[in-house]
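A.B. asks: This is upload-v9.cif (mmCIF, C-alpha atoms).
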data_run
#
loop_
_atom_site.group_PDB
_atom_site.id
_atom_site.type_symbol
_atom_site.label_atom_id
_atom_site.label_comp_id
_atom_site.auth_asym_id
_atom_site.auth_seq_id
_atom_site.Cartn_x
_atom_site.Cartn_y
_atom_site.Cartn_z
ATOM 1 C CA ARG A 1323 124.053 62.929 136.908
ATOM 2 C CA THR A 1324 126.361 63.555 133.966
ATOM 3 C CA PHE A 1325 125.385 65.915 131.162
ATOM 4 C CA GLY A 1326 125.125 63.052 128.690
ATOM 5 C CA THR A 1327 122.421 61.313 130.720
ATOM 6 C CA LEU A 1328 120.110 64.349 130.789
ATOM 7 C CA SER A 1329 117.055 64.697 128.593
ATOM 8 C CA GLU A 1330 116.956 67.296 125.812
ATOM 9 C CA GLY A 1331 114.987 69.711 127.968
ATOM 10 C CA GLU A 1332 117.295 69.228 130.953
ATOM 11 C CA ARG A 1333 120.375 69.779 128.825
ATOM 12 C CA LYS A 1334 118.845 72.954 127.452
ATOM 13 C CA ARG A 1335 118.291 74.232 131.005
ATOM 14 C CA VAL A 1336 121.908 73.523 131.923
ATOM 15 C CA GLN A 1337 123.146 75.379 128.833
ATOM 16 C CA ILE A 1338 120.941 78.381 129.597
ATOM 17 C CA ALA A 1339 122.059 78.441 133.244
ATOM 18 C CA ARG A 1340 125.703 78.301 132.205
ATOM 19 C CA ALA A 1341 125.196 81.167 129.750
ATOM 20 C CA LEU A 1342 123.479 83.317 132.377
ATOM 21 C CA MET A 1343 126.377 82.801 134.800
ATOM 22 C CA THR A 1344 129.030 84.213 132.455
ATOM 23 C CA ASP A 1345 130.491 87.732 132.477
ATOM 24 C CA HIS A 1346 129.816 88.422 128.794
ATOM 25 C CA GLU A 1347 128.475 91.847 127.856
ATOM 26 C CA LEU A 1348 126.103 90.370 125.272
ATOM 27 C CA LEU A 1349 124.016 87.207 125.425
ATOM 28 C CA LEU A 1350 122.429 86.127 122.118
ATOM 29 C CA PRO A 1351 120.371 82.950 122.667
ATOM 30 C CA ASP A 1352 118.902 81.573 119.448
ATOM 31 C CA GLU A 1353 115.524 79.863 120.023
ATOM 32 C CA PRO A 1354 116.468 79.178 123.673
ATOM 33 C CA ALA A 1355 113.073 77.599 124.516
ATOM 34 C CA ALA A 1356 113.296 74.925 121.807
ATOM 35 C CA GLY A 1357 112.911 71.521 123.461
ATOM 36 C CA LEU A 1358 111.495 72.871 126.718
ATOM 37 C CA ASP A 1359 108.084 72.019 128.103
ATOM 38 C CA LEU A 1360 105.613 74.701 129.187
ATOM 39 C CA GLY A 1361 107.077 74.948 132.676
ATOM 40 C CA GLY A 1362 110.584 75.190 131.306
ATOM 41 C CA ARG A 1363 109.615 77.956 128.896
ATOM 42 C CA GLU A 1364 108.024 79.956 131.707
ATOM 43 C CA GLU A 1365 111.133 79.573 133.844
ATOM 44 C CA LEU A 1366 113.303 80.627 130.911
ATOM 45 C CA VAL A 1367 111.295 83.796 130.299
ATOM 46 C CA ALA A 1368 111.547 84.629 133.991
ATOM 47 C CA ALA A 1369 115.308 84.003 134.000
ATOM 48 C CA LEU A 1370 115.850 86.227 130.963
ATOM 49 C CA ALA A 1371 113.763 88.990 132.529
ATOM 50 C CA GLU A 1372 115.129 88.820 136.084
ATOM 51 C CA PRO A 1373 118.425 90.727 135.790
ATOM 52 C CA ALA A 1374 116.980 93.423 133.463
ATOM 53 C CA GLY A 1375 118.204 96.851 134.482
ATOM 54 C CA ASP A 1376 121.251 95.494 136.327
ATOM 55 C CA ARG A 1377 124.299 97.187 134.847
ATOM 56 C CA ARG A 1378 126.408 94.138 135.631
ATOM 57 C CA SER A 1379 124.160 91.767 133.715
ATOM 58 C CA PRO A 1380 124.725 91.152 129.999
ATOM 59 C CA VAL A 1381 122.537 92.679 127.332
ATOM 60 C CA LYS A 1382 120.241 89.853 126.311
ATOM 61 C CA VAL A 1383 118.958 89.570 122.738
ATOM 62 C CA PRO A 1384 116.950 86.340 122.514
ATOM 63 C CA VAL A 1385 115.862 85.243 119.037
ATOM 64 C CA THR A 1386 112.468 83.585 119.154
ATOM 65 C CA HIS A 1387 109.255 83.176 117.159
ATOM 66 C CA PRO A 1388 106.530 82.616 119.813
ATOM 67 C CA VAL A 1389 105.355 85.929 121.254
ATOM 68 C CA ASP A 1390 104.880 84.441 124.722
ATOM 69 C CA GLU A 1391 108.625 83.799 124.970
ATOM 70 C CA ILE A 1392 109.414 87.531 124.906
ATOM 71 C CA PRO A 1393 110.285 88.730 128.449
ATOM 72 C CA PRO A 1394 107.595 91.145 129.686
ATOM 73 C CA ASN A 1395 110.151 93.818 130.547
ATOM 74 C CA ALA A 1396 111.998 93.626 127.226
ATOM 75 C CA GLN A 1397 113.085 97.093 126.111
ATOM 76 C CA HIS A 1398 112.636 96.227 122.439
ATOM 77 C CA ALA A 1399 110.853 93.443 120.586
ATOM 78 C CA LEU A 1400 111.770 93.243 116.915
ATOM 79 C CA ARG A 1401 110.286 91.084 114.199
ATOM 80 C CA GLN A 1402 113.124 91.600 111.751
ATOM 81 C CA VAL A 1403 116.553 93.198 111.538
ATOM 82 C CA VAL A 1404 117.792 93.573 107.965
ATOM 83 C CA GLU A 1405 121.574 94.124 107.961
ATOM 84 C CA PHE A 1406 123.838 96.515 109.849
ATOM 85 C CA GLU A 1407 126.023 98.985 107.984
ATOM 86 C CA SER A 1408 128.719 101.176 109.531
ATOM 87 C CA THR A 1409 128.047 104.912 109.886
ATOM 88 C CA PRO A 1410 130.468 107.851 109.425
ATOM 89 C CA HIS A 1411 130.665 108.251 113.223
ATOM 90 C CA GLY A 1412 131.814 104.702 113.920
ATOM 91 C CA GLY A 1413 128.411 103.276 114.795
ATOM 92 C CA PHE A 1414 126.044 101.012 112.914
ATOM 93 C CA ILE A 1415 122.564 101.318 111.445
ATOM 94 C CA SER A 1416 120.030 98.782 110.202
ATOM 95 C CA ALA A 1417 116.442 98.698 109.046
ATOM 96 C CA ALA A 1418 114.261 96.894 111.590
ATOM 97 C CA GLN A 1419 110.632 95.949 112.057
ATOM 98 C CA ALA A 1420 109.064 96.510 115.477
ATOM 99 C CA HIS A 1421 106.844 93.983 117.190
ATOM 100 C CA ASP A 1422 103.725 95.936 116.142
ATOM 101 C CA GLY A 1423 104.713 95.732 112.469
ATOM 102 C CA GLY A 1424 106.052 99.256 112.012
ATOM 103 C CA TRP A 1425 109.432 99.794 110.378
ATOM 104 C CA GLY A 1426 112.304 102.088 111.341
ATOM 105 C CA TYR A 1427 116.087 102.129 111.748
ATOM 106 C CA ILE A 1428 118.096 101.133 114.831
ATOM 107 C CA ASN A 1429 121.709 101.589 115.919
ATOM 108 C CA GLU A 1430 124.059 98.940 117.300
ATOM 109 C CA GLN A 1431 122.542 99.360 120.778
ATOM 110 C CA GLY A 1432 119.036 98.675 119.553
ATOM 111 C CA GLN A 1433 117.975 102.299 119.934
ATOM 112 C CA TRP A 1434 115.653 103.744 117.315
ATOM 113 C CA LEU A 1435 117.405 106.274 115.089
ATOM 114 C CA VAL A 1436 114.259 106.494 112.979
ATOM 115 C CA PRO A 1437 111.102 105.607 114.961
ATOM 116 C CA PRO A 1438 109.173 102.521 113.774
ATOM 117 C CA THR A 1439 106.429 104.556 112.145
ATOM 118 C CA LEU A 1440 107.298 103.649 108.541
ATOM 119 C CA ASP A 1441 105.291 101.353 106.263
ATOM 120 C CA ASN A 1442 108.477 99.700 105.025
ATOM 121 C CA ALA A 1443 112.242 100.119 105.261
ATOM 122 C CA ARG A 1444 114.993 98.520 103.208
ATOM 123 C CA GLY A 1445 118.693 97.947 103.668
ATOM 124 C CA ILE A 1446 121.372 100.531 102.919
ATOM 125 C CA THR A 1447 123.196 100.075 99.622
ATOM 126 C CA GLU A 1448 126.854 100.734 98.838
ATOM 127 C CA ASP A 1449 125.793 104.239 97.807
ATOM 128 C CA GLY A 1450 125.054 104.938 101.470
ATOM 129 C CA VAL A 1451 121.301 105.399 101.130
ATOM 130 C CA ALA A 1452 118.244 103.257 101.797
ATOM 131 C CA ARG A 1453 114.711 103.434 100.478
ATOM 132 C CA PHE A 1454 111.782 103.687 102.851
ATOM 133 C CA CYS A 1455 108.012 104.044 102.621
ATOM 134 C CA ARG A 1456 105.846 106.389 104.664
ATOM 135 C CA ALA A 1457 102.121 106.824 104.137
ATOM 136 C CA GLY A 1458 102.355 104.878 100.893
ATOM 137 C CA ARG A 1459 105.121 107.040 99.384
ATOM 138 C CA TRP A 1460 108.762 106.058 98.873
ATOM 139 C CA GLY A 1461 111.877 108.116 99.550
ATOM 140 C CA TYR A 1462 115.510 107.669 100.593
ATOM 141 C CA LEU A 1463 117.586 108.307 103.741
ATOM 142 C CA ASN A 1464 121.315 108.235 104.518
ATOM 143 C CA LEU A 1465 123.560 106.390 106.987
ATOM 144 C CA LEU A 1466 122.600 108.820 109.756
ATOM 145 C CA GLY A 1467 118.909 108.127 109.309
ATOM 146 C CA GLN A 1468 118.338 111.533 107.709
ATOM 147 C CA GLU A 1469 115.980 111.938 104.757
ATOM 148 C CA VAL A 1470 117.885 112.893 101.624
ATOM 149 C CA ILE A 1471 115.046 112.377 99.137
ATOM 150 C CA ALA A 1472 111.579 113.061 100.519
ATOM 151 C CA PRO A 1473 108.969 110.295 100.150
ATOM 152 C CA GLN A 1474 107.084 111.169 96.971
ATOM 153 C CA PHE A 1475 107.149 108.103 94.688
ATOM 154 C CA ASP A 1476 104.653 105.262 94.195
ATOM 155 C CA ASP A 1477 107.512 102.752 94.369
ATOM 156 C CA ALA A 1478 111.307 102.802 94.298
ATOM 157 C CA ARG A 1479 114.230 100.538 93.476
ATOM 158 C CA PRO A 1480 117.471 100.528 95.500
ATOM 159 C CA MET A 1481 120.003 103.249 94.738
ATOM 160 C CA ARG A 1482 122.865 101.582 92.871
ATOM 161 C CA ASN A 1483 125.845 103.271 91.270
ATOM 162 C CA SER A 1484 124.321 106.693 92.083
ATOM 163 C CA LEU A 1485 121.115 105.923 90.138
ATOM 164 C CA ALA A 1486 117.700 104.530 91.001
ATOM 165 C CA ALA A 1487 114.421 103.726 89.283
ATOM 166 C CA VAL A 1488 111.295 105.291 90.804
ATOM 167 C CA LYS A 1489 107.637 104.870 89.933
ATOM 168 C CA THR A 1490 105.828 108.139 89.323
ATOM 169 C CA GLY A 1491 102.477 106.766 88.139
ATOM 170 C CA PRO A 1492 100.759 103.732 86.578
ATOM 171 C CA HIS A 1493 103.230 102.038 84.202
ATOM 172 C CA ALA A 1494 105.550 105.030 84.605
ATOM 173 C CA TRP A 1495 109.109 104.495 85.867
ATOM 174 C CA ARG A 1496 111.798 107.166 85.690
ATOM 175 C CA ILE A 1497 115.474 107.570 86.625
ATOM 176 C CA ILE A 1498 116.788 109.729 89.512
ATOM 177 C CA ASP A 1499 120.261 110.465 90.851
ATOM 178 C CA LEU A 1500 121.554 110.676 94.449
ATOM 179 C CA GLN A 1501 120.059 114.154 94.813
ATOM 180 C CA GLY A 1502 116.637 112.935 93.764
ATOM 181 C CA GLN A 1503 116.777 114.766 90.443
ATOM 182 C CA PHE A 1504 115.416 113.159 87.289
ATOM 183 C CA THR A 1505 118.274 112.438 84.895
ATOM 184 C CA CYS A 1506 116.082 112.529 81.785
ATOM 185 C CA ALA A 1507 112.487 112.820 80.618
ATOM 186 C CA ALA A 1508 112.233 109.178 79.524
ATOM 187 C CA THR A 1509 109.462 107.031 81.030
ATOM 188 C CA PHE A 1510 109.316 103.240 81.032
ATOM 189 C CA ALA A 1511 106.711 100.569 81.754
ATOM 190 C CA ASP A 1512 109.207 98.958 84.143
ATOM 191 C CA LEU A 1513 112.781 99.635 85.150
ATOM 192 C CA GLY A 1514 115.306 97.581 87.132
ATOM 193 C CA ASN A 1515 118.508 98.294 89.039
ATOM 194 C CA PHE A 1516 121.482 100.073 87.513
ATOM 195 C CA GLY A 1517 124.548 97.853 87.361
ATOM 196 C CA ALA A 1518 128.242 98.643 87.517
ATOM 197 C CA VAL A 1519 128.298 99.089 83.725
ATOM 198 C CA GLY A 1520 125.786 101.933 84.058
ATOM 199 C CA LEU A 1521 122.845 100.096 82.495
ATOM 200 C CA ALA A 1522 119.452 99.011 83.818
ATOM 201 C CA PRO A 1523 116.945 96.537 82.367
ATOM 202 C CA ALA A 1524 113.881 98.374 81.094
ATOM 203 C CA GLN A 1525 110.579 97.797 79.359
ATOM 204 C CA PRO A 1526 109.266 100.453 76.968
ATOM 205 C CA TRP A 1527 105.664 101.511 77.367
ATOM 206 C CA ASP A 1528 103.780 99.668 74.625
ATOM 207 C CA PRO A 1529 99.963 99.524 74.979
ATOM 208 C CA ASP A 1530 99.769 97.088 72.065
ATOM 209 C CA ARG A 1531 101.752 94.390 73.887
ATOM 210 C CA ASP A 1532 100.551 92.506 76.962
ATOM 211 C CA LEU A 1533 104.144 91.691 77.893
ATOM 212 C CA PRO A 1534 106.615 94.276 76.556
ATOM 213 C CA LEU A 1535 110.117 93.070 75.785
ATOM 214 C CA TRP A 1536 113.143 93.983 77.902
ATOM 215 C CA GLY A 1537 116.248 95.897 76.863
ATOM 216 C CA TYR A 1538 118.858 98.025 78.663
ATOM 217 C CA VAL A 1539 119.081 101.805 79.064
ATOM 218 C CA ASP A 1540 121.716 104.207 80.394
ATOM 219 C CA HIS A 1541 121.266 107.129 82.826
ATOM 220 C CA ARG A 1542 119.972 109.332 79.988
ATOM 221 C CA GLY A 1543 117.201 106.859 79.249
ATOM 222 C CA GLN A 1544 118.818 105.939 75.933
ATOM 223 C CA TRP A 1545 118.545 102.378 74.672
ATOM 224 C CA VAL A 1546 121.994 100.781 74.644
ATOM 225 C CA VAL A 1547 120.605 97.280 74.136
ATOM 226 C CA ALA A 1548 117.318 97.369 72.208
ATOM 227 C CA PRO A 1549 114.295 95.602 73.746
ATOM 228 C CA ARG A 1550 114.263 92.028 72.487
ATOM 229 C CA PHE A 1551 114.242 89.809 75.589
ATOM 230 C CA ALA A 1552 111.285 88.129 77.265
ATOM 231 C CA GLN A 1553 113.101 88.336 80.628
ATOM 232 C CA ALA A 1554 116.241 90.120 81.786
ATOM 233 C CA HIS A 1555 118.274 90.538 84.978
ATOM 234 C CA SER A 1556 120.415 93.483 86.037
ATOM 235 C CA PHE A 1557 124.140 93.575 85.328
ATOM 236 C CA ASP A 1558 124.753 94.126 89.035
ATOM 237 C CA GLU A 1559 128.478 93.849 89.832
ATOM 238 C CA GLN A 1560 129.551 92.012 86.700
ATOM 239 C CA ALA A 1561 129.875 92.968 83.050
ATOM 240 C CA VAL A 1562 127.432 90.223 82.017
ATOM 241 C CA ALA A 1563 123.686 89.857 82.534
ATOM 242 C CA ALA A 1564 121.413 86.831 82.416
ATOM 243 C CA VAL A 1565 118.625 87.126 79.831
ATOM 244 C CA SER A 1566 116.063 84.967 78.086
ATOM 245 C CA ALA A 1567 114.928 85.694 74.558
ATOM 246 C CA ASN A 1568 112.022 83.243 74.595
ATOM 247 C CA GLY A 1569 111.200 83.013 78.303
ATOM 248 C CA LYS A 1570 112.321 79.369 78.414
ATOM 249 C CA THR A 1571 116.105 79.203 78.060
ATOM 250 C CA TRP A 1572 118.663 81.604 79.513
ATOM 251 C CA GLY A 1573 122.076 82.825 78.416
ATOM 252 C CA LEU A 1574 124.499 85.690 79.100
ATOM 253 C CA ILE A 1575 125.053 88.951 77.242
ATOM 254 C CA ASN A 1576 127.649 91.692 77.606
ATOM 255 C CA ALA A 1577 127.042 95.428 77.888
ATOM 256 C CA GLN A 1578 126.771 95.680 74.107
ATOM 257 C CA GLY A 1579 123.977 93.104 74.010
ATOM 258 C CA GLN A 1580 126.167 90.413 72.427
ATOM 259 C CA TRP A 1581 125.829 86.802 73.525
ATOM 260 C CA VAL A 1582 128.646 85.684 75.805
ATOM 261 C CA LEU A 1583 126.861 82.419 76.508
ATOM 262 C CA GLN A 1584 124.179 81.222 74.113
ATOM 263 C CA PRO A 1585 120.825 80.344 75.732
ATOM 264 C CA CYS A 1586 121.106 76.810 77.094
ATOM 265 C CA HIS A 1587 119.960 76.879 80.727
ATOM 266 C CA ALA A 1588 116.439 76.508 82.077
ATOM 267 C CA ARG A 1589 117.135 79.178 84.704
ATOM 268 C CA MET A 1590 119.815 81.725 85.571
ATOM 269 C CA ASP A 1591 119.949 84.260 88.402
ATOM 270 C CA ALA A 1592 121.722 87.599 88.550
ATOM 271 C CA PHE A 1593 125.472 87.564 89.222
ATOM 272 C CA ASN A 1594 127.013 89.061 92.370
ATOM 273 C CA SER A 1595 130.463 89.519 93.898
ATOM 274 C CA GLU A 1596 130.485 85.973 95.288
#
Please express the file's structure as structure tokens.
C.D. replies:
Amino acid sequence: RTFGTLSEGERKRVQIARALMTDHELLLPDEPAAGLDLGGREELVAALAEPAGDRRSPVKVPVTHPVDEIPPNAQHALRQVVEFESTPHGGFISAAQAHDGGWGYINEQGQWLVPPTLDNARGITEDGVARFCRAGRWGYLNLLGQEVIAPQFDDARPMRNSLAAVKTGPHAWRIIDLQGQFTCAATFADLGNFGAVGLAPAQPWDPDRDLPLWGYVDHRGQWVVAPRFAQAHSFDEQAVAAVSANGKTWGLINAQGQWVLQPCHARMDAFNSE
């Protein structure tokens, strides 16, 4: 029979068989059991598991959702892999979630650099550090998986442009640098990411307001753009930020708080390099 006359399940089996017969070092089947009946899925799992441990067989990294499609002798079963970043030694590192729900960091070979014993783990920023949570406290580690700021905060924002916002108590956000030192004594009700212009959106602590207004502060905690917005995004990689004065229409401001685009859109997201 020709390939075109086969059913969906039969064609899937042919494709899997062809992939398993190749000499590739890495096999990355994406949802390989889609379209297969129960018997086909069982045969697939057996085929993926059979050559395990054979140095001549490719490393197989199947992507699947059903737990019963994971080969029983799989060395690692991951729920999520965030994004790989290169390390100083020529390798790669990424935050990953193990099958049991724990978070850690893996290298390009799938080996755990940081065991999956964390509550949460986030991707590594351009500053070369990532935030992680252990026992309910947040800290930061570097590209080698080494802790650079011990977990001690209630919550933490990503480190951007050598600065990060961390939560030190109820309605209390402060600013730290790459060494984990507070840059000032200022405390805010909420604090966003620091953009390339050195500013972060912030809400002052105001017990008389249910929803405090947003403005922008620098690394010293000084207000560069006074709080007057109902909603505000970070500057991120551009010199403009999307804000809404009334919570309904959005426009753009520059680092001095001047309108670059008057509010006219029902929604605007933060800008990025793309």
A.B. asks: For region 1451-1467 of chain A, find every residue with an atom within 8 Å (counting all atoms listed in the file), except residues of its own chain fewer than 5 positions away, and show them as a tab-separated table (two decimals) with C-alpha atoms, in the frame of the given file.
C.D. replies:
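out.tsv was written with the following content:
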chain	number	residue	atom	x	y	z
A	1407	GLU	CA	126.02	98.98	107.98
A	1408	SER	CA	128.72	101.18	109.53
A	1409	THR	CA	128.05	104.91	109.89
A	1410	PRO	CA	130.47	107.85	109.42
A	1415	ILE	CA	122.56	101.32	111.44
A	1427	TYR	CA	116.09	102.13	111.75
A	1435	LEU	CA	117.40	106.27	115.09
A	1436	VAL	CA	114.26	106.49	112.98
A	1439	THR	CA	106.43	104.56	112.14
A	1440	LEU	CA	107.30	103.65	108.54
A	1441	ASP	CA	105.29	101.35	106.26
A	1442	ASN	CA	108.48	99.70	105.02
A	1443	ALA	CA	112.24	100.12	105.26
A	1444	ARG	CA	114.99	98.52	103.21
A	1445	GLY	CA	118.69	97.95	103.67
A	1446	ILE	CA	121.37	100.53	102.92
A	1472	ALA	CA	111.58	113.06	100.52
A	1473	PRO	CA	108.97	110.30	100.15
A	1474	GLN	CA	107.08	111.17	96.97
A	1475	PHE	CA	107.15	108.10	94.69
A	1476	ASP	CA	104.65	105.26	94.20
A	1477	ASP	CA	107.51	102.75	94.37
A	1478	ALA	CA	111.31	102.80	94.30
A	1479	ARG	CA	114.23	100.54	93.48
A	1480	PRO	CA	117.47	100.53	95.50
A	1481	MET	CA	120.00	103.25	94.74
A.B. asks: Can you list, as a list in words, the residues that the PyMOL selection byres ((chain A and resi 1582-1588) around 6) selects here?
C.D. replies: Thr1571, Trp1572, Gly1573, Leu1574, Ile1575, Trp1581 and Arg1589 of chain A
A.B. asks: Tell me, in Å to one decimal, how far CA of Asn1483 (chain A) is from CA of Ala1522 (chain A).
C.D. replies: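 Separating CA of Asn1483 (chain A) from CA of Ala1522 (chain A) is a distance of 10.7 Å.
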A.B. asks: Could you give me, as a list in words, the residues that sit within 6 Å of (107.1, 93.8, 119.0) in the file's coordinates, counting only C-alpha atoms?
C.D. replies: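 Checking each residue against the 6 Å limit leaves Ala1399, Leu1400, Ala1420, His1421 and Asp1422 of chain A.
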A.B. asks: With all atoms listed in the file as the atoms that count, which of A:Leu1533, A:Gly1491, A:Asp1449, A:Glu1559 lies nearest to Gly1520 (chain A)?
C.D. replies: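 Checking each candidate against Gly1520 (chain A), we get A:Glu1559 as the closest.
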A.B. asks: List as a ChimeraX atom specification the protein and nucleic acid residues near His1555 (chain A), meaning an atom at most 10 Å away when all atoms listed in the file are counted, but skip any in the same chain fewer than 6 places from it.
C.D. replies: /A:1514-1515,1517,1522-1524,1536-1538,1562-1566,1574,1590-1593
A.B. asks: Got time to write the residues from that selection, C-alpha atoms, as a compact mmCIF listing (two decimals), in the coordinates of the input?
C.D. replies:
# COMPACT_ATOMS: atom_id res chain seq x y z
CA GLY A 1514 115.31 97.58 87.13
CA ASN A 1515 118.51 98.29 89.04
CA GLY A 1517 124.55 97.85 87.36
CA ALA A 1522 119.45 99.01 83.82
CA PRO A 1523 116.94 96.54 82.37
CA ALA A 1524 113.88 98.37 81.09
CA TRP A 1536 113.14 93.98 77.90
CA GLY A 1537 116.25 95.90 76.86
CA TYR A 1538 118.86 98.02 78.66
CA VAL A 1562 127.43 90.22 82.02
CA ALA A 1563 123.69 89.86 82.53
CA ALA A 1564 121.41 86.83 82.42
CA VAL A 1565 118.62 87.13 79.83
CA SER A 1566 116.06 84.97 78.09
CA LEU A 1574 124.50 85.69 79.10
CA MET A 1590 119.82 81.72 85.57
CA ASP A 1591 119.95 84.26 88.40
CA ALA A 1592 121.72 87.60 88.55
CA PHE A 1593 125.47 87.56 89.22
A.B. asks: Rounded to one decimal in Å, what is the spacing between CA of Leu1513 (chain A) and CA of Leu1485 (chain A)?
C.D. replies: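 Distance between the two atoms: 11.6 Å.
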A.B. asks: Let me make sure I understand: among A:Glu1353, A:Leu1358, A:Gln1402, A:Cys1506, which one has the smallest atom-to-atom distance to Val1336 (chain A) if we use only C-alpha atoms?
C.D. replies: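 Answer, going by the shortest atom-to-atom distance: A:Leu1358.
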A.B. asks: Which residues are close to region 1428-1431 of chain A, i.e. within 8 Å by all atoms listed in the file, leaving aside same-chain residues fewer than 5 positions away? Reply as a PyMOL selection string.
C.D. replies: chain A and resi 1406+1413-1418+1436
A.B. asks: Considering all atoms listed in the file, state which residue in the set A:Ile1497, A:Ala1487, A:Ala1518, A:Val1404 is at the smallest distance from Ala1561 (chain A).
C.D. replies: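 Going through A:Ile1497, A:Ala1487, A:Ala1518, A:Val1404 one by one, the smallest distance to Ala1561 (chain A) is for A:Ala1518.
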